[in-house]
$ cat structure20.cif   # mmCIF, N, CA and C atoms
data_target
loop_
_atom_site.label_atom_id
_atom_site.label_comp_id
_atom_site.auth_asym_id
_atom_site.auth_seq_id
_atom_site.Cartn_x
_atom_site.Cartn_y
_atom_site.Cartn_z
N MET O 1 16.34 -10.81 -22.70
CA MET O 1 15.60 -9.68 -22.19
C MET O 1 16.03 -9.40 -20.75
N PRO O 2 16.46 -8.18 -20.48
CA PRO O 2 16.84 -7.86 -19.10
C PRO O 2 15.61 -7.79 -18.20
N LEU O 3 15.79 -8.23 -16.99
CA LEU O 3 14.73 -8.21 -15.99
C LEU O 3 15.16 -7.31 -14.85
N GLU O 4 14.29 -6.41 -14.43
CA GLU O 4 14.61 -5.50 -13.34
C GLU O 4 13.55 -5.64 -12.26
N GLU O 5 13.99 -5.95 -11.04
CA GLU O 5 13.07 -5.99 -9.92
C GLU O 5 13.27 -4.72 -9.12
N VAL O 6 12.15 -4.09 -8.78
CA VAL O 6 12.19 -2.83 -8.05
C VAL O 6 11.39 -2.99 -6.77
N SER O 7 12.03 -2.77 -5.64
CA SER O 7 11.38 -2.85 -4.34
C SER O 7 10.50 -1.63 -4.12
N PRO O 8 9.41 -1.75 -3.35
CA PRO O 8 8.58 -0.57 -3.06
C PRO O 8 9.35 0.53 -2.34
N ARG O 9 10.44 0.20 -1.68
CA ARG O 9 11.25 1.22 -1.02
C ARG O 9 12.11 2.02 -2.00
N ASP O 10 12.39 1.42 -3.13
CA ASP O 10 13.20 2.08 -4.15
C ASP O 10 12.42 3.25 -4.73
N ARG O 11 13.08 4.35 -4.88
CA ARG O 11 12.44 5.56 -5.39
C ARG O 11 11.83 5.36 -6.78
N ARG O 12 12.48 4.53 -7.58
CA ARG O 12 11.98 4.29 -8.93
C ARG O 12 10.64 3.58 -8.93
N PHE O 13 10.35 2.82 -7.88
CA PHE O 13 9.07 2.08 -7.80
C PHE O 13 7.90 3.03 -7.95
N GLU O 14 7.89 4.09 -7.14
CA GLU O 14 6.77 5.03 -7.22
C GLU O 14 6.75 5.76 -8.56
N GLU O 15 7.92 6.04 -9.12
CA GLU O 15 7.96 6.69 -10.43
C GLU O 15 7.33 5.80 -11.50
N TYR O 16 7.66 4.53 -11.48
CA TYR O 16 7.09 3.61 -12.46
C TYR O 16 5.58 3.48 -12.26
N VAL O 17 5.17 3.38 -11.03
CA VAL O 17 3.75 3.22 -10.76
C VAL O 17 2.99 4.49 -11.07
N ARG O 18 3.61 5.65 -10.85
CA ARG O 18 2.96 6.92 -11.20
C ARG O 18 2.66 6.94 -12.70
N VAL O 19 3.59 6.41 -13.47
CA VAL O 19 3.36 6.30 -14.91
C VAL O 19 2.12 5.45 -15.17
N LEU O 20 1.91 4.47 -14.34
CA LEU O 20 0.74 3.60 -14.48
C LEU O 20 -0.49 4.16 -13.76
N ALA O 21 -0.40 5.39 -13.26
CA ALA O 21 -1.51 6.12 -12.62
C ALA O 21 -2.02 5.44 -11.36
N ALA O 22 -1.12 4.96 -10.54
CA ALA O 22 -1.56 4.30 -9.30
C ALA O 22 -0.69 4.69 -8.11
N SER O 23 -0.13 5.89 -8.10
CA SER O 23 0.81 6.25 -7.05
C SER O 23 0.17 6.30 -5.66
N VAL O 24 -1.08 6.74 -5.56
CA VAL O 24 -1.74 6.77 -4.25
C VAL O 24 -1.86 5.35 -3.72
N ASN O 25 -2.18 4.42 -4.60
CA ASN O 25 -2.30 3.03 -4.18
C ASN O 25 -0.99 2.49 -3.64
N THR O 26 0.11 2.79 -4.30
CA THR O 26 1.40 2.28 -3.83
C THR O 26 1.79 2.91 -2.50
N ARG O 27 1.50 4.19 -2.33
CA ARG O 27 1.83 4.84 -1.06
C ARG O 27 1.00 4.25 0.07
N ILE O 28 -0.26 3.97 -0.19
CA ILE O 28 -1.11 3.33 0.82
C ILE O 28 -0.56 1.96 1.17
N LEU O 29 -0.27 1.17 0.14
CA LEU O 29 0.22 -0.17 0.38
C LEU O 29 1.55 -0.15 1.13
N GLN O 30 2.45 0.75 0.75
CA GLN O 30 3.74 0.87 1.44
C GLN O 30 3.53 1.26 2.90
N PHE O 31 2.62 2.20 3.15
CA PHE O 31 2.32 2.64 4.52
C PHE O 31 1.81 1.47 5.36
N LEU O 32 0.91 0.68 4.78
CA LEU O 32 0.34 -0.45 5.51
C LEU O 32 1.34 -1.60 5.68
N VAL O 33 2.19 -1.82 4.70
CA VAL O 33 3.23 -2.85 4.82
C VAL O 33 4.20 -2.47 5.93
N GLU O 34 4.61 -1.20 5.97
CA GLU O 34 5.53 -0.73 7.03
C GLU O 34 4.89 -0.87 8.41
N ALA O 35 3.61 -0.55 8.52
CA ALA O 35 2.91 -0.69 9.81
C ALA O 35 2.87 -2.15 10.24
N ARG O 36 2.66 -3.05 9.29
CA ARG O 36 2.60 -4.48 9.60
C ARG O 36 3.98 -5.01 9.99
N LYS O 37 5.03 -4.48 9.34
CA LYS O 37 6.39 -4.89 9.68
C LYS O 37 6.75 -4.48 11.10
N LYS O 38 6.34 -3.29 11.49
CA LYS O 38 6.65 -2.79 12.84
C LYS O 38 5.97 -3.63 13.91
N ASP O 39 4.77 -4.08 13.64
CA ASP O 39 4.02 -4.88 14.60
C ASP O 39 3.26 -5.96 13.84
N PRO O 40 3.90 -7.10 13.56
CA PRO O 40 3.29 -8.14 12.73
C PRO O 40 1.95 -8.66 13.25
N ALA O 41 1.75 -8.63 14.55
CA ALA O 41 0.49 -9.11 15.11
C ALA O 41 -0.63 -8.10 14.92
N GLU O 42 -0.29 -6.86 14.73
CA GLU O 42 -1.30 -5.81 14.60
C GLU O 42 -1.19 -5.14 13.23
N GLY O 43 -0.70 -3.90 13.19
CA GLY O 43 -0.54 -3.19 11.93
C GLY O 43 -1.83 -2.62 11.37
N TRP O 44 -2.91 -2.60 12.15
CA TRP O 44 -4.20 -2.08 11.68
C TRP O 44 -4.18 -0.56 11.68
N ARG O 45 -4.68 0.06 10.62
CA ARG O 45 -4.78 1.52 10.52
C ARG O 45 -6.17 1.87 10.01
N PHE O 46 -6.74 2.96 10.55
CA PHE O 46 -8.05 3.39 10.05
C PHE O 46 -7.87 4.43 8.96
N LEU O 47 -8.94 4.70 8.24
CA LEU O 47 -8.89 5.49 7.01
C LEU O 47 -8.20 6.84 7.18
N SER O 48 -8.59 7.63 8.17
CA SER O 48 -7.99 8.95 8.32
C SER O 48 -6.52 8.85 8.74
N GLU O 49 -6.15 7.80 9.43
CA GLU O 49 -4.74 7.59 9.80
C GLU O 49 -3.91 7.26 8.56
N ILE O 50 -4.47 6.47 7.67
CA ILE O 50 -3.80 6.16 6.41
C ILE O 50 -3.64 7.43 5.59
N ALA O 51 -4.71 8.21 5.48
CA ALA O 51 -4.67 9.45 4.70
C ALA O 51 -3.61 10.40 5.25
N GLY O 52 -3.55 10.57 6.56
CA GLY O 52 -2.55 11.43 7.16
C GLY O 52 -1.14 10.90 6.96
N GLY O 53 -0.98 9.58 6.99
CA GLY O 53 0.33 8.96 6.83
C GLY O 53 0.92 9.11 5.45
N ILE O 54 0.06 9.30 4.45
CA ILE O 54 0.57 9.46 3.08
C ILE O 54 0.31 10.86 2.53
N ALA O 55 -0.14 11.75 3.40
CA ALA O 55 -0.38 13.16 3.03
C ALA O 55 -1.41 13.30 1.91
N GLU O 56 -2.52 12.58 2.04
CA GLU O 56 -3.63 12.68 1.10
C GLU O 56 -4.91 12.90 1.89
N SER O 57 -5.97 13.29 1.21
CA SER O 57 -7.26 13.46 1.88
C SER O 57 -7.96 12.11 1.99
N PRO O 58 -8.80 11.94 3.02
CA PRO O 58 -9.55 10.68 3.12
C PRO O 58 -10.39 10.40 1.87
N GLY O 59 -10.85 11.45 1.22
CA GLY O 59 -11.63 11.27 -0.01
C GLY O 59 -10.82 10.66 -1.15
N ALA O 60 -9.52 10.90 -1.17
CA ALA O 60 -8.67 10.31 -2.20
C ALA O 60 -8.27 8.89 -1.82
N VAL O 61 -8.18 8.63 -0.52
CA VAL O 61 -7.73 7.33 -0.03
C VAL O 61 -8.84 6.28 -0.12
N SER O 62 -10.06 6.67 0.16
CA SER O 62 -11.16 5.72 0.20
C SER O 62 -11.34 4.92 -1.09
N PRO O 63 -11.39 5.55 -2.28
CA PRO O 63 -11.53 4.75 -3.50
C PRO O 63 -10.31 3.88 -3.77
N ALA O 64 -9.14 4.35 -3.39
CA ALA O 64 -7.93 3.56 -3.59
C ALA O 64 -7.96 2.31 -2.71
N ILE O 65 -8.45 2.46 -1.48
CA ILE O 65 -8.57 1.31 -0.58
C ILE O 65 -9.46 0.24 -1.21
N GLN O 66 -10.55 0.68 -1.84
CA GLN O 66 -11.45 -0.29 -2.47
C GLN O 66 -10.74 -1.10 -3.54
N LYS O 67 -9.86 -0.45 -4.29
CA LYS O 67 -9.11 -1.16 -5.34
C LYS O 67 -8.08 -2.11 -4.73
N LEU O 68 -7.57 -1.76 -3.57
CA LEU O 68 -6.53 -2.56 -2.93
C LEU O 68 -7.07 -3.70 -2.07
N LEU O 69 -8.37 -3.79 -1.88
CA LEU O 69 -8.95 -4.79 -0.97
C LEU O 69 -8.43 -6.22 -1.16
N PRO O 70 -8.14 -6.67 -2.39
CA PRO O 70 -7.59 -8.02 -2.50
C PRO O 70 -6.23 -8.20 -1.79
N LEU O 71 -5.54 -7.10 -1.55
CA LEU O 71 -4.23 -7.17 -0.89
C LEU O 71 -4.29 -6.78 0.58
N LEU O 72 -5.50 -6.47 1.07
CA LEU O 72 -5.66 -5.98 2.44
C LEU O 72 -6.60 -6.87 3.24
N GLU O 73 -6.48 -6.75 4.55
CA GLU O 73 -7.45 -7.34 5.46
C GLU O 73 -8.26 -6.18 6.04
N GLU O 74 -9.52 -6.42 6.30
CA GLU O 74 -10.40 -5.36 6.82
C GLU O 74 -11.03 -5.82 8.13
N ARG O 75 -11.15 -4.87 9.05
CA ARG O 75 -11.81 -5.13 10.33
C ARG O 75 -12.67 -3.92 10.66
N ARG O 76 -13.87 -4.15 11.15
CA ARG O 76 -14.75 -3.05 11.54
C ARG O 76 -14.90 -3.08 13.06
N GLU O 77 -14.74 -1.89 13.64
CA GLU O 77 -14.84 -1.77 15.09
C GLU O 77 -15.35 -0.40 15.46
N LYS O 78 -16.44 -0.36 16.21
CA LYS O 78 -17.04 0.90 16.67
C LYS O 78 -17.27 1.89 15.53
N GLY O 79 -17.78 1.42 14.44
CA GLY O 79 -18.10 2.28 13.31
C GLY O 79 -16.92 2.69 12.45
N ARG O 80 -15.74 2.21 12.75
CA ARG O 80 -14.56 2.52 11.95
C ARG O 80 -14.11 1.29 11.18
N ARG O 81 -13.59 1.54 10.00
CA ARG O 81 -13.01 0.46 9.19
C ARG O 81 -11.50 0.52 9.33
N TYR O 82 -10.92 -0.58 9.73
CA TYR O 82 -9.47 -0.69 9.88
C TYR O 82 -8.94 -1.61 8.79
N PHE O 83 -7.74 -1.30 8.32
CA PHE O 83 -7.13 -2.08 7.26
C PHE O 83 -5.69 -2.40 7.64
N ARG O 84 -5.20 -3.53 7.13
CA ARG O 84 -3.78 -3.84 7.23
C ARG O 84 -3.37 -4.64 6.02
N ALA O 85 -2.09 -4.57 5.72
CA ALA O 85 -1.56 -5.27 4.54
C ALA O 85 -1.63 -6.76 4.75
N ARG O 86 -1.98 -7.45 3.71
CA ARG O 86 -2.02 -8.90 3.74
C ARG O 86 -0.87 -9.48 2.92
N ALA O 87 -0.26 -8.63 2.10
CA ALA O 87 0.81 -9.10 1.20
C ALA O 87 1.84 -8.00 0.99
N ARG O 88 3.05 -8.43 0.74
CA ARG O 88 4.09 -7.50 0.27
C ARG O 88 4.03 -7.53 -1.25
N VAL O 89 4.35 -6.41 -1.87
CA VAL O 89 4.27 -6.33 -3.32
C VAL O 89 5.61 -5.90 -3.88
N ARG O 90 6.00 -6.53 -4.97
CA ARG O 90 7.23 -6.18 -5.66
C ARG O 90 6.88 -6.02 -7.14
N LEU O 91 7.34 -4.95 -7.72
CA LEU O 91 7.09 -4.68 -9.13
C LEU O 91 8.25 -5.23 -9.93
N SER O 92 7.97 -6.02 -10.93
CA SER O 92 9.00 -6.59 -11.78
C SER O 92 8.74 -6.12 -13.20
N LEU O 93 9.75 -5.48 -13.78
CA LEU O 93 9.63 -4.99 -15.16
C LEU O 93 10.49 -5.86 -16.06
N ASP O 94 9.91 -6.34 -17.11
CA ASP O 94 10.60 -7.20 -18.05
C ASP O 94 10.75 -6.41 -19.36
N TYR O 95 11.96 -5.92 -19.61
CA TYR O 95 12.20 -5.09 -20.82
C TYR O 95 12.45 -5.95 -22.06
N PHE O 96 12.07 -5.43 -23.20
CA PHE O 96 12.37 -6.14 -24.45
C PHE O 96 12.93 -5.18 -25.45
#
$ encode --input "structure20.cif" --output "structure tokens"
Amino acid sequence: MPLEEVSPRDRRFEEYVRVLAASVNTRILQFLVEARKKDPAEGWRFLSEIAGGIAESPGAVSPAIQKLLPLLEERREKGRRYFRARARVRLSLDYF
């Protein structure tokens, strides 16, 4: 059985995940992973900043963030919720 690993940077990654109906989630995760890579000690982003970074509305981002919480760290400060990636994700497809 051939095995294909697809990085989140690869264009096919989002196409595969879109098929699985989770493209907003992958864009959020990619946005947060890139922010963490740029500044490993920080990388915190608040909800409207995440929404703007992936060209979605905060209303679409908020439920997706809830689903992604196992992969994120959360911090609350002055009434705002900040998030950052806790893990890098790689999609592996095993064809048969």
$ closest_atom_pairs --input "structure20.cif" --of "stretch 48-95 of chain O" --to "stretch 21-40 of chain O" --cutoff "6.5 Å" --atoms "only N, CA and C atoms" --output "JSON lines"
{"residue": "O:Ile54", "atom": "CA", "partner": "O:Arg27", "partner_atom": "C", "distance": 6.0}
{"residue": "O:Ala64", "atom": "CA", "partner": "O:Asn25", "partner_atom": "CA", "distance": 5.7}
{"residue": "O:Arg84", "atom": "CA", "partner": "O:Leu32", "partner_atom": "CA", "distance": 5.6}
{"residue": "O:Ala85", "atom": "N", "partner": "O:Leu32", "partner_atom": "C", "distance": 4.5}
$ closest_residue --input "structure20.cif" --among "O:Glu74, O:Glu49, O:Asp94, O:Glu42" --to "O:Glu5" --atoms "only N, CA and C atoms"
O:Asp94
$ select_by_dssp --input "structure20.cif" --residues "chain O" --states "strand (DSSP E or B)" --output "JSON, numbers by chain"
{"O": [3, 4, 5, 6, 45, 46, 72, 73, 74, 75, 76, 77, 80, 81, 82, 83, 84, 85, 91, 92, 93, 94]}
$ residues_around --input "structure20.cif" --residues "O:Pro8" --least-positions-apart "3" --cutoff "9 Å" --atoms "only C-alpha atoms" --output "compact mmCIF listing (two decimals) with N, CA and C atoms, keeping the file's coordinate frame"
# COMPACT_ATOMS: atom_id res chain seq x y z
N ARG O 11 13.08 4.35 -4.88
CA ARG O 11 12.44 5.56 -5.39
C ARG O 11 11.83 5.36 -6.78
N ARG O 12 12.48 4.53 -7.58
CA ARG O 12 11.98 4.29 -8.93
C ARG O 12 10.64 3.58 -8.93
N PHE O 13 10.35 2.82 -7.88
CA PHE O 13 9.07 2.08 -7.80
C PHE O 13 7.90 3.03 -7.95
N GLU O 14 7.89 4.09 -7.14
CA GLU O 14 6.77 5.03 -7.22
C GLU O 14 6.75 5.76 -8.56
N THR O 26 0.11 2.79 -4.30
CA THR O 26 1.40 2.28 -3.83
C THR O 26 1.79 2.91 -2.50
N ARG O 27 1.50 4.19 -2.33
CA ARG O 27 1.83 4.84 -1.06
C ARG O 27 1.00 4.25 0.07
N GLN O 30 2.45 0.75 0.75
CA GLN O 30 3.74 0.87 1.44
C GLN O 30 3.53 1.26 2.90
N ARG O 88 3.05 -8.43 0.74
CA ARG O 88 4.09 -7.50 0.27
C ARG O 88 4.03 -7.53 -1.25
N VAL O 89 4.35 -6.41 -1.87
CA VAL O 89 4.27 -6.33 -3.32
C VAL O 89 5.61 -5.90 -3.88
N ARG O 90 6.00 -6.53 -4.97
CA ARG O 90 7.23 -6.18 -5.66
C ARG O 90 6.88 -6.02 -7.14
N LEU O 91 7.34 -4.95 -7.72
CA LEU O 91 7.09 -4.68 -9.13
C LEU O 91 8.25 -5.23 -9.93
$ atom_distance --input "structure20.cif" --atom1 "atom CA of O:Trp44" --atom2 "atom N of O:Ser57"
18.7 Å
$ atom_distance --input "structure20.cif" --atom1 "atom C of O:Leu69" --atom2 "atom C of O:Leu93"
24.1 Å
$ select_by_dssp --input "structure20.cif" --residues "stretch 5-38 of chain O" --states "helix (DSSP H, G or I)" --output "list of chain:residue names"
O:Arg11, O:Arg12, O:Phe13, O:Glu14, O:Glu15, O:Tyr16, O:Val17, O:Arg18, O:Val19, O:Ser23, O:Val24, O:Asn25, O:Thr26, O:Arg27, O:Ile28, O:Leu29, O:Gln30, O:Phe31, O:Leu32, O:Val33, O:Glu34, O:Ala35, O:Arg36, O:Lys37, O:Lys38
$ atom_distance --input "structure20.cif" --atom1 "atom CA of O:Tyr95" --atom2 "atom CA of O:Val6"
13.0 Å
$ closest_residue --input "structure20.cif" --among "O:Tyr16, O:Phe83, O:Phe46, O:Phe96" --to "O:Pro58" --atoms "only C-alpha atoms"
O:Phe46
$ closest_residue --input "structure20.cif" --among "O:Leu72, O:Glu56, O:Leu47, O:Glu4" --to "O:Ser92" --atoms "only C-alpha atoms"
O:Glu4
$ closest_residue --input "structure20.cif" --among "O:Glu15, O:Leu3, O:Ala87, O:Gly43" --to "O:Arg75" --atoms "only C-alpha atoms"
O:Gly43
$ residues_around --input "structure20.cif" --residues "O:Val61" --least-positions-apart "5" --cutoff "7 Å" --atoms "only N, CA and C atoms" --output "compact mmCIF listing (two decimals) with N, CA and C atoms, keeping the file's coordinate frame"
# COMPACT_ATOMS: atom_id res chain seq x y z
N ILE O 50 -4.47 6.47 7.67
CA ILE O 50 -3.80 6.16 6.41
C ILE O 50 -3.64 7.43 5.59
N ALA O 51 -4.71 8.21 5.48
CA ALA O 51 -4.67 9.45 4.70
C ALA O 51 -3.61 10.40 5.25
N GLU O 56 -2.52 12.58 2.04
CA GLU O 56 -3.63 12.68 1.10
C GLU O 56 -4.91 12.90 1.89
N GLN O 66 -10.55 0.68 -1.84
CA GLN O 66 -11.45 -0.29 -2.47
C GLN O 66 -10.74 -1.10 -3.54
$ closest_residue --input "structure20.cif" --among "O:Ala55, O:Ser7, O:Ser62, O:Ala41" --to "O:Arg86" --atoms "only C-alpha atoms"
O:Ala41
